[in-house]
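Here's the structure we're looking at; comments come further down.
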Amino acid sequence: HHDKLALPVGTTLDRFIMRKQEDFPYATGELSQLLRDIALAAKIVNREINRSGLIDIAGAYGNRNVQGEDQQKLDVIANIRFIRALRNGGEVCTIVSEEDEEMIQTGNVQGKYVVAIDPLDGSSNIDVNVSIGTIFSVYRRVSPTGGEGTEQDCLQTGTHQVAAGYVIYGSSTMLVYTTGNGVNGFTYEPSLGEFFLSHPHITSPKTGSIYSINEGLSNDFTEGVREFVAYCKQQNYSARYIGSLVADFHRNLLKGGIYMYPATLKAKKGKLRLMYECNALSFIVEQAGGKASDGQQRIMELQPQSLHERCPFFIGSTELVEKAEEFMAREF
Ligand code: AHM
Ligand code: MG
């Protein structure tokens, strides 16, 4: 029976999703449809990103896209594309997006799922041709179907995620996701318009020798963070910081390392957003055998109080995250 066999490298994403669904005898296929919707939007956004150097030129000629929209910033375009795909797919009742203050009601009142998404993270890197990403979390709604999704549907702890993933638009475009049964990575082949399984069963190395943090902020770090960074230097770890969360996370996931965005004097809860940045990557890292923490607590157990709240973030190889926690627990 195929469900005990790993699918081979080269399997298309669609086939992979279909096969995984067959492993759950009572699955209705709605989550599978949702994942396919996200993959479709990712392909469209990928196309836009690859043309980004030309967008201003196109804009200068007054180009409008097929929907009659004026040329817009890429993060706005990505937001529109993902929302449209999820609305058309029909499985999602409500979306929380970094780009929108309020919850977005798709009108699919029968939709069983809620999605939290950062449609295009690392937007300061777009103009300079550096990797950017999309991050998403999927939850089952708690309110009964038939009405709009509620804030309670959205403000669930990360432990309730049924799926999470990211797309990295880098030297190649990849989609990496989990449904709570390990982590798999797919690479996009643009000439065929398909994602293919390229990184089956990704595991986070237990430890590593890369640390990623914006050290320009070190005067505002707490003593514990400063001391941990000093420790990384004593160990001769490599400093790697792109400033694009998905890219920094992805590299450390594959190579072993720790990514940190700590609380600072000016930003007491750090910078990154719990609902559509930290939780998704935490689910993935845990499924890969790594760890994610706010310095004291497991990220996925933090109870969100508001849609756009922030939290300090330490994520990556288990031993390194535990070491960082150890430093932060010390009294200086
Ligand atoms: P954004 O959502 O405004 O793009 O900000 C999130 C980004 C992350 O991708 C990145 O890890 C972080 O901000 C970098 O912040 P900083 O420039 O403060 O180091
Ligand atoms: Mg962001």
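We name chains A, B, ... following the order of the structure tokens; residues begin at 1 in each chain, and ligands are numbered from 1 as shown.
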
Select from stretch 93-127 of chain A everything DSSP, run on the backbone, classes as strand (DSSP E or B), then give the selection as a PyMOL selection string.
-> chain A and resi 93-97+104-105+113-121

Report the closest atom pair, with its distance in Å rounded to one decimal, for each residue of chain A that has an atom no farther than 6 Å from ligand 2; count only C-alpha atoms and all ligand atoms, sort by chain and then rising residue number, and write it as a tab-separated table.
```
residue	atom	partner	partner_atom_place_in_ligand_line	distance
A:Asp118	CA	ligand 2	1 (Mg)	5.6
A:Asp121	CA	ligand 2	1 (Mg)	4.0
A:Gly122	CA	ligand 2	1 (Mg)	6.0
```

What would the file look like if the residues just selected were written as a CSV table (one decimal), in the first residue's frame with C-alpha atoms?
```csv
chain,number,residue,atom,x,y,z
A,118,ASP,CA,2.1,37.6,4.8
A,121,ASP,CA,7.6,39.4,3.3
A,122,GLY,CA,10.9,41.2,3.1
```

Surrounding residues of A:Glu91 excluding itself and chain neighbours under 4 positions, 10 Å, only C-alpha atoms, as a VMD selection string | chain A and resid 29 to 35 37 86 to 87 106 108 to 115

Would you list the residues that come within 6 Å of ligand 1? Count only C-alpha atoms and all ligand atoms and give the answer as a PyMOL selection string.
-> chain A and resi 121-123+214+243-245

Which of stretch 123-305 of chain A counts as helix (DSSP H, G or I) under DSSP, as a PyMOL selection string please?
-> chain A and resi 123-128+151-154+158-160+215-220+223-234+245-255+274-287+299-301

Closest-contact table, stretch 52-150 of chain A side, partner stretch 249-257 of chain A, 12 Å, counting only C-alpha atoms, as CSV:
```
residue,atom,partner,partner_atom,distance
A:Ser131,CA,A:His250,CA,10.9
A:Ile132,CA,A:His250,CA,11.1
A:Gly133,CA,A:His250,CA,10.1
A:Ile135,CA,A:Phe249,CA,11.3
```

Choose the residue, out of A:Thr173, A:Ala324, A:Thr264, A:Lys233, that has the smallest atom-to-atom separation from A:Gly193; count only C-alpha atoms.
->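 Closest residue, counting only C-alpha atoms: A:Thr173.
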
Contact residues around A:Asn236 with only C-alpha atoms at 12 Å, ignoring same-chain residues under 5 positions, as an mmCIF file with N, CA and C atoms, in the first residue's frame:
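Produced file around28.cif, reproduced below:
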```cif
data_model
loop_
_atom_site.group_PDB
_atom_site.id
_atom_site.type_symbol
_atom_site.label_atom_id
_atom_site.label_comp_id
_atom_site.auth_asym_id
_atom_site.auth_seq_id
_atom_site.Cartn_x
_atom_site.Cartn_y
_atom_site.Cartn_z
ATOM 1 N N GLY A 208 24.072 23.723 14.667
ATOM 2 C CA GLY A 208 24.556 24.360 13.452
ATOM 3 C C GLY A 208 25.575 25.412 13.803
ATOM 4 N N SER A 209 26.064 26.107 12.783
ATOM 5 C CA SER A 209 27.099 27.106 13.061
ATOM 6 C C SER A 209 26.818 28.408 12.315
ATOM 7 N N ILE A 210 25.507 28.736 12.205
ATOM 8 C CA ILE A 210 25.128 30.014 11.600
ATOM 9 C C ILE A 210 24.236 30.749 12.595
ATOM 10 N N TYR A 211 24.505 32.027 12.811
ATOM 11 C CA TYR A 211 23.560 32.832 13.592
ATOM 12 C C TYR A 211 23.123 34.026 12.768
ATOM 13 N N VAL A 229 24.979 36.328 21.598
ATOM 14 C CA VAL A 229 25.680 36.684 20.354
ATOM 15 C C VAL A 229 27.194 36.603 20.567
ATOM 16 N N ALA A 230 27.652 37.053 21.739
ATOM 17 C CA ALA A 230 29.084 36.946 22.052
ATOM 18 C C ALA A 230 29.506 35.474 22.062
ATOM 19 N N TYR A 231 28.633 34.634 22.606
ATOM 20 C CA TYR A 231 28.903 33.186 22.628
ATOM 21 C C TYR A 231 29.043 32.644 21.201
#
```

Non-local contacts of A:Leu13 (9 Å; only C-alpha atoms; under 3 positions in same chain excluded) as a short mmCIF file (atom, residue, chain, number, x, y, z; two decimals) with N, CA and C atoms, in the first residue's frame:
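Here's the written file result_26.cif:
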```cif
data_model
loop_
_atom_site.label_atom_id
_atom_site.label_comp_id
_atom_site.auth_asym_id
_atom_site.auth_seq_id
_atom_site.Cartn_x
_atom_site.Cartn_y
_atom_site.Cartn_z
N GLY A 10 10.68 14.41 -7.62
CA GLY A 10 10.17 14.60 -8.97
C GLY A 10 8.66 14.49 -9.05
N PHE A 16 1.36 14.94 -5.25
CA PHE A 16 1.76 14.76 -3.86
C PHE A 16 0.59 15.08 -2.92
N ILE A 17 -0.06 16.21 -3.17
CA ILE A 17 -1.18 16.62 -2.33
C ILE A 17 -2.30 15.59 -2.42
N MET A 18 -2.55 15.10 -3.62
CA MET A 18 -3.61 14.11 -3.83
C MET A 18 -3.31 12.82 -3.07
N ARG A 36 -3.69 23.79 -3.10
CA ARG A 36 -3.51 24.01 -4.54
C ARG A 36 -3.79 25.46 -4.92
N ALA A 39 -0.74 27.39 -4.09
CA ALA A 39 0.32 27.12 -5.08
C ALA A 39 0.07 27.88 -6.38
N PHE A 186 9.22 21.78 -2.47
CA PHE A 186 8.98 21.62 -3.90
C PHE A 186 9.64 22.77 -4.65
N GLU A 194 5.12 23.95 -13.09
CA GLU A 194 4.82 22.98 -12.02
C GLU A 194 5.85 23.06 -10.89
N PHE A 195 5.35 22.76 -9.69
CA PHE A 195 6.25 22.52 -8.55
C PHE A 195 6.54 21.02 -8.50
N PHE A 196 7.81 20.66 -8.32
CA PHE A 196 8.20 19.25 -8.19
C PHE A 196 8.85 18.99 -6.84
N LEU A 197 8.53 17.84 -6.26
CA LEU A 197 9.16 17.46 -4.98
C LEU A 197 10.67 17.38 -5.16
#
```
